[in-house]
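Text of coords_20.cif, listed as mmCIF, C-alpha atoms and all ligand atoms:
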data_run
#
loop_
_atom_site.label_atom_id
_atom_site.label_comp_id
_atom_site.auth_asym_id
_atom_site.auth_seq_id
_atom_site.Cartn_x
_atom_site.Cartn_y
_atom_site.Cartn_z
CA MET A 1 -13.14 225.15 -1.16
CA THR A 2 -16.02 224.89 1.29
CA ALA A 3 -19.19 226.94 1.15
CA SER A 4 -18.64 228.31 4.66
CA ARG A 5 -15.31 229.93 3.72
CA ARG A 6 -15.56 232.67 1.07
CA PRO A 7 -12.65 232.26 -1.36
CA LEU A 8 -10.10 235.07 -1.44
CA ILE A 9 -8.33 235.85 -4.69
CA ALA A 10 -5.34 238.01 -3.78
CA GLY A 11 -2.89 239.65 -6.17
CA ASN A 12 0.66 240.37 -5.03
CA TRP A 13 2.07 242.84 -7.54
CA LYS A 14 5.51 242.74 -5.89
CA MET A 15 7.89 245.47 -7.18
CA ASN A 16 5.98 246.03 -10.40
CA GLY A 17 4.10 248.98 -11.80
CA LEU A 18 4.55 252.70 -12.38
CA SER A 19 1.63 255.10 -12.03
CA ALA A 20 0.05 254.68 -15.44
CA ASP A 21 0.16 250.90 -15.73
CA GLY A 22 -0.71 250.37 -12.05
CA VAL A 23 -3.79 252.54 -12.32
CA ALA A 24 -4.75 250.92 -15.65
CA LEU A 25 -4.47 247.43 -14.13
CA ALA A 26 -6.48 248.35 -11.04
CA THR A 27 -9.13 250.06 -13.15
CA ALA A 28 -9.43 247.07 -15.48
CA ILE A 29 -9.93 244.67 -12.55
CA ALA A 30 -12.42 247.04 -10.89
CA ASP A 31 -14.40 247.28 -14.13
CA LYS A 32 -14.61 243.50 -14.37
CA LEU A 33 -15.84 243.18 -10.80
CA LYS A 34 -18.40 245.97 -11.21
CA GLY A 35 -19.61 244.34 -14.44
CA ALA A 36 -19.97 240.95 -12.76
CA GLY A 37 -22.26 242.11 -9.95
CA ASP A 38 -22.41 239.75 -6.97
CA VAL A 39 -19.58 237.23 -6.99
CA SER A 40 -18.85 234.28 -4.71
CA PHE A 41 -15.27 235.35 -4.00
CA GLU A 42 -13.47 238.27 -2.41
CA MET A 43 -10.81 240.05 -4.46
CA LEU A 44 -7.72 241.76 -3.04
CA VAL A 45 -4.94 243.68 -4.78
CA CYS A 46 -1.59 244.40 -3.09
CA PRO A 47 0.35 246.95 -5.13
CA PRO A 48 3.77 248.32 -4.14
CA PHE A 49 3.72 251.04 -1.47
CA THR A 50 4.23 253.73 -4.13
CA LEU A 51 0.93 252.90 -5.86
CA ILE A 52 -1.34 252.27 -2.89
CA SER A 53 -2.89 255.71 -2.88
CA ARG A 54 -3.53 255.77 -6.64
CA VAL A 55 -4.89 252.24 -6.64
CA ALA A 56 -7.18 253.13 -3.74
CA ASP A 57 -8.73 255.82 -5.93
CA ALA A 58 -8.95 253.52 -8.96
CA ILE A 59 -10.80 250.72 -7.13
CA SER A 60 -12.97 252.96 -4.97
CA GLY A 61 -16.57 251.69 -4.88
CA SER A 62 -15.72 248.44 -6.70
CA GLY A 63 -15.65 246.14 -3.67
CA ILE A 64 -12.02 245.15 -4.32
CA LYS A 65 -9.99 245.06 -1.12
CA LEU A 66 -6.68 246.89 -0.89
CA GLY A 67 -3.53 245.53 0.70
CA ALA A 68 0.19 246.15 1.14
CA GLN A 69 3.03 243.66 0.88
CA ASP A 70 4.78 244.26 4.20
CA CYS A 71 4.76 246.43 7.32
CA HIS A 72 7.07 247.28 10.20
CA THR A 73 6.57 245.90 13.70
CA ALA A 74 6.47 249.36 15.31
CA GLU A 75 3.62 251.83 15.11
CA LYS A 76 5.97 254.77 14.41
CA GLY A 77 9.46 255.99 15.16
CA ALA A 78 13.06 256.08 13.95
CA HIS A 79 12.93 253.40 11.24
CA THR A 80 14.14 255.03 8.05
CA ALA A 81 12.25 253.95 4.92
CA ASP A 82 9.96 251.57 6.80
CA ILE A 83 6.16 251.76 6.74
CA SER A 84 3.94 251.02 9.73
CA ALA A 85 0.66 249.16 9.73
CA ALA A 86 -1.05 252.29 11.05
CA MET A 87 0.20 254.20 7.98
CA LEU A 88 -1.25 251.51 5.71
CA LYS A 89 -4.57 251.65 7.52
CA ASP A 90 -4.50 255.43 7.14
CA LEU A 91 -3.99 255.02 3.36
CA GLY A 92 -7.11 252.88 3.12
CA CYS A 93 -5.58 249.42 3.21
CA ASP A 94 -7.71 246.52 4.45
CA TYR A 95 -4.95 243.89 4.45
CA VAL A 96 -1.21 243.46 4.65
CA ILE A 97 0.86 240.45 3.55
CA VAL A 98 3.60 239.41 5.98
CA GLY A 99 6.27 236.74 5.76
CA HIS A 100 6.34 236.34 1.99
CA SER A 101 9.21 234.00 1.10
CA GLU A 102 10.90 236.82 -0.81
CA ARG A 103 10.95 238.83 2.44
CA ARG A 104 12.14 235.80 4.40
CA THR A 105 14.92 235.18 1.85
CA ASP A 106 15.91 238.70 0.73
CA HIS A 107 15.61 240.31 4.17
CA GLY A 108 16.30 237.40 6.50
CA GLU A 109 12.83 237.58 8.07
CA THR A 110 12.35 234.95 10.77
CA ASN A 111 9.16 233.43 12.13
CA GLU A 112 9.56 235.68 15.20
CA LEU A 113 9.71 238.82 13.05
CA VAL A 114 6.77 237.70 10.92
CA HIS A 115 4.81 237.04 14.12
CA ALA A 116 5.62 240.57 15.36
CA LYS A 117 4.55 242.06 12.03
CA ALA A 118 1.29 240.13 12.14
CA GLU A 119 0.68 241.43 15.68
CA ALA A 120 1.36 245.00 14.51
CA ALA A 121 -1.04 244.60 11.61
CA LEU A 122 -3.83 243.22 13.78
CA SER A 123 -3.30 245.97 16.36
CA ALA A 124 -3.65 248.57 13.62
CA GLY A 125 -6.96 247.04 12.54
CA LEU A 126 -5.67 245.45 9.35
CA ASP A 127 -6.39 241.90 8.26
CA VAL A 128 -3.22 239.93 7.72
CA VAL A 129 -2.11 237.38 5.13
CA ILE A 130 0.66 235.28 6.70
CA CYS A 131 2.80 233.41 4.16
CA ILE A 132 4.51 230.10 4.81
CA GLY A 133 6.06 227.45 2.59
CA GLU A 134 8.96 225.05 2.18
CA THR A 135 11.96 225.33 -0.12
CA GLU A 136 12.71 222.70 -2.74
CA ALA A 137 15.56 221.30 -0.62
CA GLU A 138 13.21 220.96 2.35
CA ARG A 139 10.62 219.17 0.21
CA ASP A 140 13.26 216.84 -1.24
CA ALA A 141 14.41 216.06 2.30
CA GLY A 142 10.88 215.05 3.30
CA LYS A 143 10.51 218.03 5.64
CA THR A 144 7.53 219.77 4.02
CA LEU A 145 5.04 219.19 6.82
CA ASP A 146 7.55 219.90 9.58
CA VAL A 147 8.66 223.17 8.00
CA ASN A 148 5.12 224.42 7.44
CA GLY A 149 4.08 223.31 10.92
CA ALA A 150 6.99 225.22 12.47
CA GLN A 151 6.12 228.32 10.45
CA ILE A 152 2.51 228.16 11.63
CA ALA A 153 3.64 227.69 15.23
CA GLY A 154 6.16 230.54 15.01
CA SER A 155 4.44 233.09 12.76
CA VAL A 156 0.74 233.04 13.66
CA PRO A 157 -0.44 234.98 16.74
CA GLY A 158 -2.40 232.78 19.16
CA HIS A 159 -5.29 235.26 19.22
CA ALA A 160 -5.62 235.35 15.40
CA LYS A 161 -9.20 234.92 14.22
CA ALA A 162 -10.66 233.68 10.97
CA ALA A 163 -12.19 237.15 10.56
CA ASN A 164 -8.81 238.91 10.52
CA THR A 165 -6.20 236.35 9.44
CA VAL A 166 -5.53 234.40 6.25
CA ILE A 167 -2.74 231.87 5.73
CA ALA A 168 -1.04 231.58 2.34
CA TYR A 169 0.77 228.31 1.66
CA GLU A 170 3.35 229.04 -1.00
CA PRO A 171 5.93 226.36 -1.78
CA VAL A 172 8.98 228.52 -2.46
CA TRP A 173 10.00 226.36 -5.43
CA ALA A 174 6.62 226.94 -7.10
CA ILE A 175 6.76 230.75 -7.00
CA GLY A 176 7.30 232.21 -10.43
CA THR A 177 8.58 228.90 -11.83
CA GLY A 178 5.54 227.49 -13.61
CA ARG A 179 5.83 224.40 -11.39
CA THR A 180 3.22 223.37 -8.83
CA PRO A 181 2.82 220.47 -6.43
CA THR A 182 0.21 217.91 -7.46
CA ASN A 183 -3.33 218.57 -6.29
CA ASP A 184 -3.00 215.72 -3.77
CA GLU A 185 0.19 217.24 -2.39
CA VAL A 186 -1.46 220.67 -2.07
CA GLN A 187 -4.47 219.21 -0.26
CA GLU A 188 -2.22 217.18 2.06
CA VAL A 189 -0.29 220.30 3.13
CA HIS A 190 -3.42 222.47 3.48
CA ALA A 191 -5.14 219.86 5.66
CA TYR A 192 -2.00 219.62 7.79
CA ILE A 193 -1.80 223.42 8.09
CA ARG A 194 -5.43 223.52 9.25
CA ALA A 195 -4.70 220.87 11.88
CA GLU A 196 -1.63 222.81 13.09
CA LEU A 197 -3.66 226.03 13.11
CA ALA A 198 -6.21 224.33 15.37
CA LYS A 199 -3.46 223.80 17.96
CA LYS A 200 -2.65 227.49 17.77
CA VAL A 201 -6.01 229.26 17.47
CA GLY A 202 -8.52 226.53 18.35
CA GLU A 203 -10.63 224.16 16.22
CA SER A 204 -13.41 226.56 15.46
CA GLU A 205 -11.22 229.47 14.25
CA ALA A 206 -8.97 227.07 12.31
CA GLY A 207 -12.00 225.54 10.63
CA ALA A 208 -13.20 228.95 9.48
CA MET A 209 -9.79 230.42 8.57
CA ARG A 210 -8.97 230.77 4.89
CA ILE A 211 -5.85 229.02 3.62
CA LEU A 212 -4.76 230.22 0.18
CA TYR A 213 -2.51 228.37 -2.22
CA GLY A 214 0.22 230.41 -3.95
CA GLY A 215 2.82 229.45 -6.55
CA SER A 216 2.32 229.62 -10.32
CA MET A 217 -1.46 229.78 -10.06
CA LYS A 218 -3.04 230.60 -13.42
CA PRO A 219 -6.53 230.45 -14.93
CA THR A 220 -5.61 227.03 -16.35
CA ASN A 221 -4.85 225.37 -12.99
CA ALA A 222 -6.93 227.51 -10.62
CA THR A 223 -10.19 225.59 -10.96
CA ASP A 224 -8.67 222.30 -9.80
CA LEU A 225 -6.62 223.92 -7.02
CA ILE A 226 -9.48 225.97 -5.60
CA ALA A 227 -11.80 222.96 -5.73
CA LEU A 228 -9.59 221.16 -3.15
CA ALA A 229 -11.31 220.81 0.21
CA ASP A 230 -8.85 222.93 2.22
CA VAL A 231 -7.89 225.49 -0.44
CA ASP A 232 -9.79 228.75 0.02
CA GLY A 233 -8.43 230.84 -2.83
CA GLY A 234 -5.07 231.95 -4.11
CA LEU A 235 -2.21 234.36 -3.57
CA ILE A 236 -1.15 235.20 -7.09
CA GLY A 237 2.02 236.91 -8.29
CA GLY A 238 2.72 236.91 -12.02
CA ALA A 239 -0.84 236.25 -13.18
CA SER A 240 -2.16 239.11 -11.04
CA LEU A 241 -0.39 241.58 -13.33
CA GLN A 242 -2.77 240.79 -16.21
CA ALA A 243 -6.38 241.76 -15.56
CA ASP A 244 -7.76 238.96 -17.73
CA ASP A 245 -5.67 236.28 -16.01
CA PHE A 246 -6.39 237.57 -12.52
CA TRP A 247 -10.08 237.81 -13.26
CA GLY A 248 -10.01 234.35 -14.85
CA ILE A 249 -8.69 232.92 -11.59
CA GLY A 250 -11.52 234.62 -9.72
CA GLU A 251 -14.05 233.16 -12.14
CA SER A 252 -12.73 229.68 -11.42
CA CYS A 253 -14.29 229.99 -7.94
C1 LIG B 1 3.86 234.92 -5.02
O1 LIG B 1 4.98 235.40 -5.09
O2 LIG B 1 3.16 235.15 -4.01
C2 LIG B 1 3.40 234.07 -6.10
C3 LIG B 1 2.52 233.14 -5.83
O3 LIG B 1 3.97 234.28 -7.33
P1 LIG B 1 3.59 233.52 -8.70
O4 LIG B 1 2.10 233.48 -8.78
O5 LIG B 1 4.20 234.38 -9.76
O6 LIG B 1 4.17 232.17 -8.61
#

The structure given in the file should be rewritten as C-alpha cells.
Amino acid sequence: MTASRRPLIAGNWKMNGLSADGVALATAIADKLKGAGDVSFEMLVCPPFTLISRVADAISGSGIKLGAQDCHTAEKGAHTADISAAMLKDLGCDYVIVGHSERRTDHGETNELVHAKAEAALSAGLDVVICIGETEAERDAGKTLDVNGAQIAGSVPGHAKAANTVIAYEPVWAIGTGRTPTNDEVQEVHAYIRAELAKKVGESEAGAMRILYGGSMKPTNATDLIALADVDGGLIGGASLQADDFWGIGESC
C-alpha cells in the first residue's frame, strides 16, 4: 500500500444471494460505511446480475461502488442471455470484473476475450477490474511470473489508465481454499505485475494503477497483505458475503 494509491476493497459475491439476503448484506455494509464517515479506502460490491438493481437501491448514498462480475464484448445484439457493459452502466454500475479465473476455467475465456471485454467495459464508461493469476501446476513448475506476465500482456488494453483500470492478482490455487502465498511471494508477483504493466501502459500509469490481491483474504490476514508495497487492496470472495468480515478487511487499510 502506498499513500498515492487509494486502496480498493472489492467484494465478488459470485453466484450467491437471493433478494432478501442480498439486500440485507448490502444494507449492512452501507450502514457500516455511513457510520464510519471518511475512510481511507474505496469499497466496491459486485453482486450477481439478478441483484444489481436491488443492491443499487440498498447502497444508494453510501459511497459504496457497484460492480458486475462479467460483461459481453458487444454493445448489443443477438447474444442470448448475455449482458453488455452498456446495460450495466445503465443499471448504475461503476465497475465490472473481467477475466476471473472461474470465467477463464468454466467458460474457456482466453486473454484475447478478456481484453475484448475490458475494451467493451471502458468504451461503455465503466471502470474495469482485470483478473489474472497462475494455477497451482503453473506455480509448481516455476512459471508464476511468466504466466502473469503473459496475462497482463494479453488481457490489458494498451490505453488503460490508472483512473479506469484495476488489476486483481488472484493465484487460482488460493481462491476459496484458505491457502495463500507468503507475503514475500505476493509482493514479488505484484512488483513484477507493475513492471509488466509499465511496458503496456507506461511507467506513470503503471505506478498509479491499483493492483489488488485476491485469494482467501480475511480480516486476519488482510492487514499484512495490504501493507505490502505493491498491494493496493483486495478482491474478496467468501469473506465478502459476511458484512463484518468484509468491513474488517476494509478497516485493515
Ligand atoms: C475470488 O474468487 O475472487 C476470491 C478471491 O475468492 P475467495 O476470497 O473466496 O478466495

Just the residues within 10 Å of A:Ala68, please, counting only C-alpha atoms, with nothing from its chain fewer than 6 positions along; format it as an MDAnalysis selection string. chainID A and resid 12:14 44:49 51:52 83 85 88:89 93:98 128:129

Take the residues that were just selected and, keeping C-alpha atoms, output them as an mmCIF file, in the frame of the given file.
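Contents of result26.cif, as written:
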data_model
loop_
_atom_site.group_PDB
_atom_site.id
_atom_site.type_symbol
_atom_site.label_atom_id
_atom_site.label_comp_id
_atom_site.auth_asym_id
_atom_site.auth_seq_id
_atom_site.Cartn_x
_atom_site.Cartn_y
_atom_site.Cartn_z
ATOM 1 C CA ASN A 12 0.660 240.370 -5.030
ATOM 2 C CA TRP A 13 2.070 242.840 -7.540
ATOM 3 C CA LYS A 14 5.510 242.740 -5.890
ATOM 4 C CA LEU A 44 -7.720 241.760 -3.040
ATOM 5 C CA VAL A 45 -4.940 243.680 -4.780
ATOM 6 C CA CYS A 46 -1.590 244.400 -3.090
ATOM 7 C CA PRO A 47 0.350 246.950 -5.130
ATOM 8 C CA PRO A 48 3.770 248.320 -4.140
ATOM 9 C CA PHE A 49 3.720 251.040 -1.470
ATOM 10 C CA LEU A 51 0.930 252.900 -5.860
ATOM 11 C CA ILE A 52 -1.340 252.270 -2.890
ATOM 12 C CA ILE A 83 6.160 251.760 6.740
ATOM 13 C CA ALA A 85 0.660 249.160 9.730
ATOM 14 C CA LEU A 88 -1.250 251.510 5.710
ATOM 15 C CA LYS A 89 -4.570 251.650 7.520
ATOM 16 C CA CYS A 93 -5.580 249.420 3.210
ATOM 17 C CA ASP A 94 -7.710 246.520 4.450
ATOM 18 C CA TYR A 95 -4.950 243.890 4.450
ATOM 19 C CA VAL A 96 -1.210 243.460 4.650
ATOM 20 C CA ILE A 97 0.860 240.450 3.550
ATOM 21 C CA VAL A 98 3.600 239.410 5.980
ATOM 22 C CA VAL A 128 -3.220 239.930 7.720
ATOM 23 C CA VAL A 129 -2.110 237.380 5.130
#

Which residues are close to stretch 111-123 of chain A, i.e. within 12 Å by only C-alpha atoms, leaving aside same-chain residues fewer than 3 positions away? Reply as a ChimeraX atom specification. /A:67-76,83-89,93-101,103-105,107-108,126-133,147-161,163-167

For A:Thr180, which residue among A:Gly125, A:Gly214, A:Gly22, A:Gly202 is the nearest when counting only C-alpha atoms? A:Gly214

Given only C-alpha atoms and all ligand atoms as the counted atoms, nearest of A:His190, A:Arg54, A:Arg179, A:Arg6 to ligand LIG 1 (chain B): A:Arg179

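Using all atoms listed in the file for every distance, the candidate list A:Ala28, A:Ala20, A:Ala191, A:Met217 yields A:Ala191 as the residue closest to A:Ala229.
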
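With all atoms listed in the file as the atoms that count, the set of residues no farther than 6 Å from ligand LIG 1 (chain B) is Asn12, Ala174, Ile175, Gly176, Gly214, Gly215, Ser216, Met217, Leu235, Ile236, Gly237, Gly238 and Ala239 of chain A.
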
May I have the selected residues written with C-alpha atoms, as a short mmCIF file (atom, residue, chain, number, x, y, z; two decimals), in the frame of the given file?
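Output file result.cif is given in full below:
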data_model
loop_
_atom_site.label_atom_id
_atom_site.label_comp_id
_atom_site.auth_asym_id
_atom_site.auth_seq_id
_atom_site.Cartn_x
_atom_site.Cartn_y
_atom_site.Cartn_z
CA ASN A 12 0.66 240.37 -5.03
CA ALA A 174 6.62 226.94 -7.10
CA ILE A 175 6.76 230.75 -7.00
CA GLY A 176 7.30 232.21 -10.43
CA GLY A 214 0.22 230.41 -3.95
CA GLY A 215 2.82 229.45 -6.55
CA SER A 216 2.32 229.62 -10.32
CA MET A 217 -1.46 229.78 -10.06
CA LEU A 235 -2.21 234.36 -3.57
CA ILE A 236 -1.15 235.20 -7.09
CA GLY A 237 2.02 236.91 -8.29
CA GLY A 238 2.72 236.91 -12.02
CA ALA A 239 -0.84 236.25 -13.18
#

Name the residues within 12 Å of (-3.8, 219.1, 12.1), counting only C-alpha atoms in the file's coordinates, and put them as JSON, numbers by chain. {"A": [145, 146, 148, 149, 152, 153, 188, 189, 190, 191, 192, 193, 194, 195, 196, 197, 198, 199, 200, 201, 202, 203, 206, 207, 230]}

For C-alpha atoms, I'd like the residues from the last selection saved as a PDB file, in the coordinates of the input.
ATOM      1  CA  LEU A 145       5.040 219.190   6.820  1.00  0.00           C
ATOM      2  CA  ASP A 146       7.550 219.900   9.580  1.00  0.00           C
ATOM      3  CA  ASN A 148       5.120 224.420   7.440  1.00  0.00           C
ATOM      4  CA  GLY A 149       4.080 223.310  10.920  1.00  0.00           C
ATOM      5  CA  ILE A 152       2.510 228.160  11.630  1.00  0.00           C
ATOM      6  CA  ALA A 153       3.640 227.690  15.230  1.00  0.00           C
ATOM      7  CA  GLU A 188      -2.220 217.180   2.060  1.00  0.00           C
ATOM      8  CA  VAL A 189      -0.290 220.300   3.130  1.00  0.00           C
ATOM      9  CA  HIS A 190      -3.420 222.470   3.480  1.00  0.00           C
ATOM     10  CA  ALA A 191      -5.140 219.860   5.660  1.00  0.00           C
ATOM     11  CA  TYR A 192      -2.000 219.620   7.790  1.00  0.00           C
ATOM     12  CA  ILE A 193      -1.800 223.420   8.090  1.00  0.00           C
ATOM     13  CA  ARG A 194      -5.430 223.520   9.250  1.00  0.00           C
ATOM     14  CA  ALA A 195      -4.700 220.870  11.880  1.00  0.00           C
ATOM     15  CA  GLU A 196      -1.630 222.810  13.090  1.00  0.00           C
ATOM     16  CA  LEU A 197      -3.660 226.030  13.110  1.00  0.00           C
ATOM     17  CA  ALA A 198      -6.210 224.330  15.370  1.00  0.00           C
ATOM     18  CA  LYS A 199      -3.460 223.800  17.960  1.00  0.00           C
ATOM     19  CA  LYS A 200      -2.650 227.490  17.770  1.00  0.00           C
ATOM     20  CA  VAL A 201      -6.010 229.260  17.470  1.00  0.00           C
ATOM     21  CA  GLY A 202      -8.520 226.530  18.350  1.00  0.00           C
ATOM     22  CA  GLU A 203     -10.630 224.160  16.220  1.00  0.00           C
ATOM     23  CA  ALA A 206      -8.970 227.070  12.310  1.00  0.00           C
ATOM     24  CA  GLY A 207     -12.000 225.540  10.630  1.00  0.00           C
ATOM     25  CA  ASP A 230      -8.850 222.930   2.220  1.00  0.00           C
TER      26      ASP A 230
END

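Computed from the coordinates, the atom CA of A:Leu212 to atom CA of A:Asn183 distance equals 13.4 Å.
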
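Closest approach to A:Phe41 among A:Thr135, A:Ser4, A:Thr80, A:Thr110: A:Ser4, based on all atoms listed in the file.
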
Can you work out the spacing between atom CA of A:Thr182 and atom CA of A:Tyr213 in Å, to one decimal? 12.0 Å

For A:Ala58, please output as a ChimeraX atom specification all residues within 8 Å (counting all atoms listed in the file; exclusion window: fewer than 6 positions along the same chain). /A:23,26-27,30

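Straight-line separation from atom CA of A:Glu138 to atom CA of A:Leu8: 27.5 Å.
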
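For the set A:Asn16, A:Ser62, A:Ser204, A:Thr2, the residue with the smallest atom-to-atom gap to A:Met43 is A:Ser62, counting all atoms listed in the file.
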
Enclose the full set of atoms of stretch 198-207 of chain A listed in the file within a box whose edges lie along x, y and z, apply 3 Å of padding to each of the six sides, and report centre and edge lengths in Å to one decimal as JSON.
{"center_x": -8.0, "center_y": 226.6, "center_z": 14.5, "size_x": 16.8, "size_y": 11.7, "size_z": 13.7}

Let me make sure I understand: among A:Cys253, A:Ile64, A:Ala168, A:Ile59, which one has the smallest atom-to-atom distance to A:Arg210 if we use only C-alpha atoms? A:Ala168

Rebuild N, CA, C and O atoms on stretch 123-143 of chain A, as a compact mmCIF listing (two decimals), in the frame of the given file?
# COMPACT_ATOMS: atom_id res chain seq x y z
N SER A 123 -3.09 244.85 15.43
CA SER A 123 -3.30 245.97 16.36
C SER A 123 -3.75 247.22 15.63
O SER A 123 -4.50 248.03 16.18
N ALA A 124 -3.28 247.39 14.40
CA ALA A 124 -3.65 248.57 13.62
C ALA A 124 -5.03 248.42 12.97
O ALA A 124 -5.52 249.33 12.31
N GLY A 125 -5.63 247.25 13.13
CA GLY A 125 -6.96 247.04 12.54
C GLY A 125 -6.93 246.53 11.12
O GLY A 125 -7.95 246.57 10.42
N LEU A 126 -5.76 246.06 10.69
CA LEU A 126 -5.67 245.45 9.35
C LEU A 126 -5.91 243.96 9.46
O LEU A 126 -5.60 243.34 10.50
N ASP A 127 -6.39 243.36 8.39
CA ASP A 127 -6.39 241.90 8.26
C ASP A 127 -5.01 241.51 7.73
O ASP A 127 -4.36 242.28 7.02
N VAL A 128 -4.58 240.30 8.07
CA VAL A 128 -3.22 239.93 7.72
C VAL A 128 -3.21 238.63 6.91
O VAL A 128 -4.01 237.72 7.17
N VAL A 129 -2.36 238.60 5.89
CA VAL A 129 -2.11 237.38 5.13
C VAL A 129 -0.71 236.91 5.51
O VAL A 129 0.28 237.58 5.20
N ILE A 130 -0.63 235.79 6.22
CA ILE A 130 0.66 235.28 6.70
C ILE A 130 1.13 234.17 5.77
O ILE A 130 0.44 233.16 5.59
N CYS A 131 2.30 234.38 5.15
CA CYS A 131 2.80 233.41 4.16
C CYS A 131 3.75 232.41 4.82
O CYS A 131 4.59 232.77 5.64
N ILE A 132 3.61 231.18 4.38
CA ILE A 132 4.51 230.10 4.81
C ILE A 132 4.81 229.23 3.58
O ILE A 132 4.14 229.36 2.56
N GLY A 133 5.78 228.36 3.71
CA GLY A 133 6.06 227.45 2.59
C GLY A 133 7.47 226.91 2.66
O GLY A 133 8.37 227.57 3.19
N GLU A 134 7.66 225.72 2.13
CA GLU A 134 8.96 225.05 2.18
C GLU A 134 9.77 225.34 0.92
O GLU A 134 9.22 225.60 -0.13
N THR A 135 11.08 225.23 1.05
CA THR A 135 11.96 225.33 -0.12
C THR A 135 12.00 223.96 -0.83
O THR A 135 11.55 222.95 -0.28
N GLU A 136 12.60 223.97 -2.00
CA GLU A 136 12.71 222.70 -2.74
C GLU A 136 13.58 221.71 -1.97
O GLU A 136 13.26 220.51 -1.89
N ALA A 137 14.66 222.21 -1.37
CA ALA A 137 15.56 221.30 -0.62
C ALA A 137 14.81 220.68 0.55
O ALA A 137 14.98 219.49 0.86
N GLU A 138 13.98 221.49 1.22
CA GLU A 138 13.21 220.96 2.35
C GLU A 138 12.20 219.91 1.88
O GLU A 138 12.00 218.88 2.52
N ARG A 139 11.56 220.18 0.74
CA ARG A 139 10.62 219.17 0.21
C ARG A 139 11.37 217.88 -0.14
O ARG A 139 10.94 216.79 0.22
N ASP A 140 12.50 218.03 -0.83
CA ASP A 140 13.26 216.84 -1.24
C ASP A 140 13.73 216.04 -0.03
O ASP A 140 13.88 214.82 -0.11
N ALA A 141 13.95 216.75 1.08
CA ALA A 141 14.41 216.06 2.30
C ALA A 141 13.25 215.50 3.11
O ALA A 141 13.45 215.00 4.22
N GLY A 142 12.04 215.61 2.59
CA GLY A 142 10.88 215.05 3.30
C GLY A 142 10.44 215.88 4.49
O GLY A 142 9.77 215.38 5.40
N LYS A 143 10.80 217.19 4.48
CA LYS A 143 10.51 218.03 5.64
C LYS A 143 9.34 218.98 5.44
O LYS A 143 9.15 219.93 6.22
